[in-house]
Amino acid sequence: MEAINEKTFQIGPLNVHLVESQTYKTNTLVLHMKAPLKQETVTKRALLPSILQSASEDYPSRQQVRSALDELYGATLQADVGKKGENQLISFRMDVANEKFLKADTPLLKEALSMLASIVLRPKLEDGAFASEVVNAEKRTLKQRLASVYDDKMRYANKRLTEEMCAEEPYGLFVYGKEEEVDEIDPSSLYEYYKQVLKKDKLDLYVVGDVDEDTLKTLLLETMTFPERDNNNQETAQEPTKPAIKEPGREVIEEQDIQQGKLHLGYRTNVTYRDDNYFALQVFNGLFGGSSHSKLFLNVREKESLAYYASSRVESHKGLMMVMSGIEPAKYDRAVDIIHKQMEDMKNGEFTDQELDQTKAVLKNQLLETMDVPRGLVELSYHNELTGVDRPLHKWFEAVDNVTKEDVTQVANQIELDTIYFLKGKEA
Amino acid sequence: MKTKHFDQLNETLYHEQLDNGLEVYILPKEGFHKTFATFTTKYGSIDQQFIPLKEKETITVPDGIAHFLEHKLFESEEGDVFQQFSQQGASANAFTSFTRTAYLFSSTSNVQKNVETLIDFVQDPYFTEESVEKEKGIIEQEIKMYDDNPDWRLYFGLISSLYEKHPVRNDIAGTVDSIYEITKDALYTCYETFYHPSNMVLFIVGNVDAEEMMTFVRENQSQKSFAPPEEIERFYEAEPQEVNRKEHVVNMNINTSKCLVGFKDKDPTLQGEKLLKHELSLSIALELMFGLSSDNYQSLYKEGLIDGSFSFDYSGEYGFGFSVIGGDTDDPDTLAERIQTMVSDFTSKPMDAYADALEATRKKKIGSFLRSLNSPEFIANQFTRYRFNDMDLFDCIPVLEGLSLEDVQEAVHDHFDTKTQMTTCMVKPK
C-alpha cells in the first residue's frame with residue numbers, strides 16, 4: 001500500500017486537507033465542524049445544518065440554493081449532523097463535476113467553494129437573527145424527522161439501546177436532539193449560538209480531486225474567510241466518559257405491533273481508535289459478527305435459520321459494540337444463547353489461523369475499497385483529526401497484518417456485555 | 001475482442017460474445033484499488049410462467065422463486081461460497097430485481113481468482129432437499145423484515161394498485177406461504193432454463209488488464225459444456241392499460257404517514273433507443289415538476305406537506321413502466337391532491353415555458369451521470385440493465401444532450417394521464 005498523498009495546511013482557523021487525485025470525474029468537498037456532544041446544545045446543533053443549507057445572503061431561498069447547484073452541473077450539497085464518539089459534527093458535503101469531462105469551461109471548483117462559503121459564513125439574516133421563516137420550516141422538518149425514527153424499527157431499536165445503555169453519558173443523546181426542545185429554539189438565540197460555533201468548533205475542510213496545493217490555497221483565500229480566534233479557545237479532543245456497568249446483561253424489553261423482533265445487544269469494548277489494540281478489535285469484530293464468514297452469520301443464520309441478518313458493528317471513538325438481529329419473537333432465548341456462546345468461543349480463542357488470515361484479508365480489502373470513494377477516504381482520515389492520533393492510512397494495513405491470535409483473544413476478554421434490548425411483537 | 005472508446009468520458013470498454021453465448025464486458029479503471037464484477041442473468045421475480053429448457057409445456061412456479069434460487073446458489077458441494085470469497089479477500093453479494101438476478105463481488109487482490117470463483121459457483125448449482133428446507137426459515141425472516149418496513153409496504157402497495165395481472169405486482173421475495181411451496185426440483189428447472197450463458201452478462205470494472213482477463217474468461221468457459229442456446233419463451237398475463245385501483249391505504253404501527261402517487265405507462269413495450277429517450281424524458285419532466293429547485297417543491301415544502309424524504313423516480317422495463325412521486329407527510333390526502341393538480345397543470349401548459357429550465361435540468365442530469373461514473377457498482381449494474389433492454393449506458397450523455405422540448409412533451413403527454421393512469425397509495429398510523 002503506497003501512502004495517500006494528503007497535504008495539510010492552515011487558512012486562519014481552518015485546517016485544510018488536500019488529497020490530489022485524477023481518479024475521479026468529480027471534486028469532493030467535506031467540511032466538518034466539531035464540538036462536544038452536550039445536553040444544552042444537541043438540539044440546536046441538529047437544527048443548524050438544515051437552516052444553513054436552506055438560504056444564505058447570496059441565495060435567499062431554498063429554490064435559489066438549489067438552482068445554483070443545478071447550474072453547477074448538478075453539484076450536490078448535503079448538510080447534516082453526525083455523532084463521532086462524544087462529539088457532534090455539523091458536516092457539509094459537496095460533489096461537483098470536474099469540468100475537464102464537460103463541454104464547458106466554467107471553473108466549477110471555485111464556484112463550489114464560493115457557494116459553500118456563502119452557506120456557512122453568510123447565512124440569511126433578519127434583524128441580526130436567522131430568518132424566522134427558514135427557522136420555522138426547518139423546525140417542522142426536524143420534528144418530523146425525530147418522529148419518524150419510530151417508523152424504522154431497526155433504527156428505533158438502536159436508538160433505544162443507546163439511550164438505555166448510556167443514560168448517564170453524553171453518548172446517550174440522540175444526534176438529532178429532542179423533539180420537546182425544538183419548539184423552544186428561537187431565531188435570535190440560535191444565531192448567537194452559531195456565532196460561537198464559528199469561533200469555537202474545530203474546523204476541517206477536506207478537498208479530494210484534481211487540484212494542486214497552490215491553486216487551492218489561492219481559491220480558498222479568495223472565497224472562504226472564517227472569523228479569527230484566540231488560540232486557546234478551540235475545544236480540544238477529549239477522552240470519552242467511561243462509567244462502570246451497573247448491571248451486566250440487563251434486559252430491556254419493549255412491545256410493539258410488529259412482525260419481527262429486533263434483538264440488539266450493547267457491549268463496552270474498552271478500546272477506542274486511540275488504543276494500540278484498536279486493530280485487534282477490528283479483527284475480532286470481523287471474526288465475531290462483522291463479515292459473512294463470521295460466527296454470528298454462520299451460527300445464527302446459516303446453522304439455525306433463526307434470522308436473515310445477524311451482525312456486529314464497532315463504534316470507534318466511544319468504545320462500544322452493537323449486535324443486531326431480526327428474529328421471531330418466540331426464539332429470543334435461543335438467539336441470545338447462541339450469541340453468548342459465540343462470544344465465549346471468541347474469548348477462549350476458538351478460531352483457526354486460517355479464519356484469522358481470512359478476516360485480515362477482508363478487512364484490508366474493505367479499507368482499500370473505502371479509500372476508492374472520496375468520501376470514504378475523508379471518513380478514514382478524519383479519525384486522526386478527531387483523536388489527535390497521528391496514524392497515516394497506509395500504516396493501518398501494517399497494523400492489521402500485525403494482529404496475532406493472542407491479541408484478538410485478549411481484546412475479546414476486555415469486552416463486557418452491558419445491555420440487551422429486545423423490541424418484540426405483541427403476542428396474538 | 002471489440003473495443004469502444006468514449007472520448008469525452010475518457011473510458012474504454014472491451015466486449016466479446018463467447019461461443020456459448022455469454023456476453024463479457026470489461027471496463028479498466030486506472031487509479032482504483034477495487035475491482036467489481038457482476039454476473040447477471042436476465043431472470044427476475046416476474047418470470048414465473050415459461051417453457052422449461054428442452055420441454056414443450058408452459059409451467060407456473062411459486063412467487064419468490066428467483067430470489068430463493070439466488071440464496072441457494074451460494075451453497076456449493078464444498079460448502080459456503082461466501083467463505084471462499086473471503087479467503088480470497090473479496091466480499092460477495094447478490095440481488096434479485098423484477099427482471100434480473102445478479103451475483104457480484106468486489107476485491108482489491110486475487111482478482112482473477114475471484115472472477116473464477118464467481119463464474120464457477122453460479123455455473124455449478126448444488127441443492128439438496130435439506131438445504132432448501134433450511135433456507136425457508138431465513139427467507140421467512142427476510143420477508144417479515146420487509147413487512148415491518150413502511151417504505152417497502154408503500155412501494156409494493158403502489159405497484160399492486162397500478163398492476164392488476166402483471167407479476168411485477170408481487171413482492172420479489174414472495175410470501176411466507178409461497179416460499180414454503182418451493183422444491184429442489186423447481187429450483188433446478190428454473191436454473192436450467194434461465195442460467196444458460198446465452199441469457200447472461202459478465203461485467204468486470206476496475207483495476208484489470210482487459211486482454212488478460214478476457215483470455216482467462218474465454219478459457220474458463222471453453223472448458224465447460226452447455227446445451228445449445230434456445231430462445232426462452234416467457235409468458236405474462238395480459239395487463240389492462242389502465243390502473244388496477246385508484247387508491248389504497250395500508251395501516252401500520254408508525255408515527256408519520258407516507259404517500260405516493262404513481263403513473264402507469266400506456267405502452268410498456270419500448271426497447272432500445274426509444275426506451276432510453278422515453279426514460280430520460282420522463283426523468284427530466286419529473287425534475288422540472290418536482291425537483292428541489294422547482295416551484296412545486298418550494299410550495300409543498302412551505303406548506304409543510306413534505307420534508308427531505310420527498311422523492312420521485314421512473315422505472316421501465318419490457319412489460320411494465322411507472323413513475324412514483326411522494327414521501328413522508330403529515331397530511332397524505334392533501335399531498336396526493338396537490339401532486340395531482342401540479343401534474344395536471346404541468347401537462348396542460350405549453351412546454352415552451354420550460355425552455356430555460358430544461359437547459360438547467362439537462363446540465364444537472366449530465367453532472368449527476370458523471371458523478372455516477374465514479375462508482376463501479378453503478379456502472380456494472382446499470383450497464384447490464386441497459387444491455388438487457390437493448391440500450392447502451394454510455395449513450396446517456398449524447399441522448400441527454402440531444403433531447404428536445406418536443407421529445408419531453410411527447411413523453412409527458414403520453415405518461416402523465418391523471419384520468420386513467422394514476423393511482424395513490426398511503427401508509428397511515430393504525
# chains A, B, ... in the order shown; residues from 1 in each chain; ligands from 1
>>> select_by_dssp(residues="region 36-267 of chain B", states="helix (DSSP H, G or I)", output="MDAnalysis selection string")
chainID B and resid 65:73 81:87 111:122 129:147 150:162 167:169 176:179 184:194 197:199 210:222
>>> residues_around(residues="Val324 (chain B)", least_positions_apart="2", cutoff="6 Å", atoms="only C-alpha atoms", output="MDAnalysis selection string")
chainID B and resid 261:262 312:313
>>> residues_around(residues="His415 (chain B)", least_positions_apart="3", cutoff="10 Å", atoms="only C-alpha atoms", output="number ranges by chain")
B: 263-267, 278, 282, 321-323, 347, 409-412, 418, 421-422
>>> write_last_selection(atoms="C-alpha atoms", output="PDB file, in the first residue's frame")
ATOM      1  CA  PHE B 263     -48.440   6.793 -13.077  1.00  0.00           C
ATOM      2  CA  LYS B 264     -48.542   3.736 -15.315  1.00  0.00           C
ATOM      3  CA  ASP B 265     -47.084   3.652 -18.832  1.00  0.00           C
ATOM      4  CA  LYS B 266     -49.707   3.020 -21.511  1.00  0.00           C
ATOM      5  CA  ASP B 267     -47.320   1.169 -23.805  1.00  0.00           C
ATOM      6  CA  HIS B 278     -38.574   7.789 -23.010  1.00  0.00           C
ATOM      7  CA  LEU B 282     -39.633  11.366 -18.073  1.00  0.00           C
ATOM      8  CA  GLY B 321     -43.171   1.077 -16.621  1.00  0.00           C
ATOM      9  CA  PHE B 322     -44.262   3.554 -13.985  1.00  0.00           C
ATOM     10  CA  SER B 323     -43.290   6.713 -12.170  1.00  0.00           C
ATOM     11  CA  THR B 347     -49.234  18.767 -18.731  1.00  0.00           C
ATOM     12  CA  GLN B 409     -43.545  16.931 -24.293  1.00  0.00           C
ATOM     13  CA  GLU B 410     -44.393  13.741 -26.146  1.00  0.00           C
ATOM     14  CA  ALA B 411     -43.340  11.531 -23.250  1.00  0.00           C
ATOM     15  CA  VAL B 412     -45.169  13.719 -20.738  1.00  0.00           C
ATOM     16  CA  THR B 418     -54.436  11.644 -14.425  1.00  0.00           C
ATOM     17  CA  GLN B 421     -53.164   6.029 -15.456  1.00  0.00           C
ATOM     18  CA  MET B 422     -52.864   7.484 -11.958  1.00  0.00           C
TER      19      MET B 422
END
>>> interface_residues(of="chain A", to="chain B", cutoff="6 Å", atoms="only C-alpha atoms", output="list of chain:residue names")
A:Thr23, A:Tyr24, A:Gln63, A:Arg66, A:Ser67, A:Asp70, A:Glu71, A:Tyr73, A:Gly74, A:Ala97, A:Phe101, A:Thr141, A:Ser148, A:Asp151, A:Gln259, A:Gln260, A:His293, A:Ser305, A:Ala307, A:Tyr308, A:Gln358, A:Ala361, A:Val362, A:Asn365, A:Glu369, A:Asp372
>>> select_by_dssp(residues="region 50-258 of chain A", states="strand (DSSP E)", output="ChimeraX atom specification")
/A:76-84,87-97,125-126,129-130,202-209,250-256
>>> residues_around(residues="Thr409 (chain A)", least_positions_apart="3", cutoff="6 Å", atoms="only C-alpha atoms", output="PDB file with C-alpha atoms, in the first residue's frame")
ATOM      1  CA  LYS A 347     -12.808 -15.256  24.489  1.00  0.00           C
ATOM      2  CA  GLY A 349      -9.614 -18.293  21.245  1.00  0.00           C
ATOM      3  CA  GLU A 406      -3.354 -13.694  21.219  1.00  0.00           C
ATOM      4  CA  ALA A 412     -12.217 -10.343  23.380  1.00  0.00           C
TER       5      ALA A 412
END
>>> closest_residue(among="A:Thr215, A:Val96, A:Lys38, A:Lys143", to="Glu20 (chain A)", atoms="only C-alpha atoms")
A:Thr215
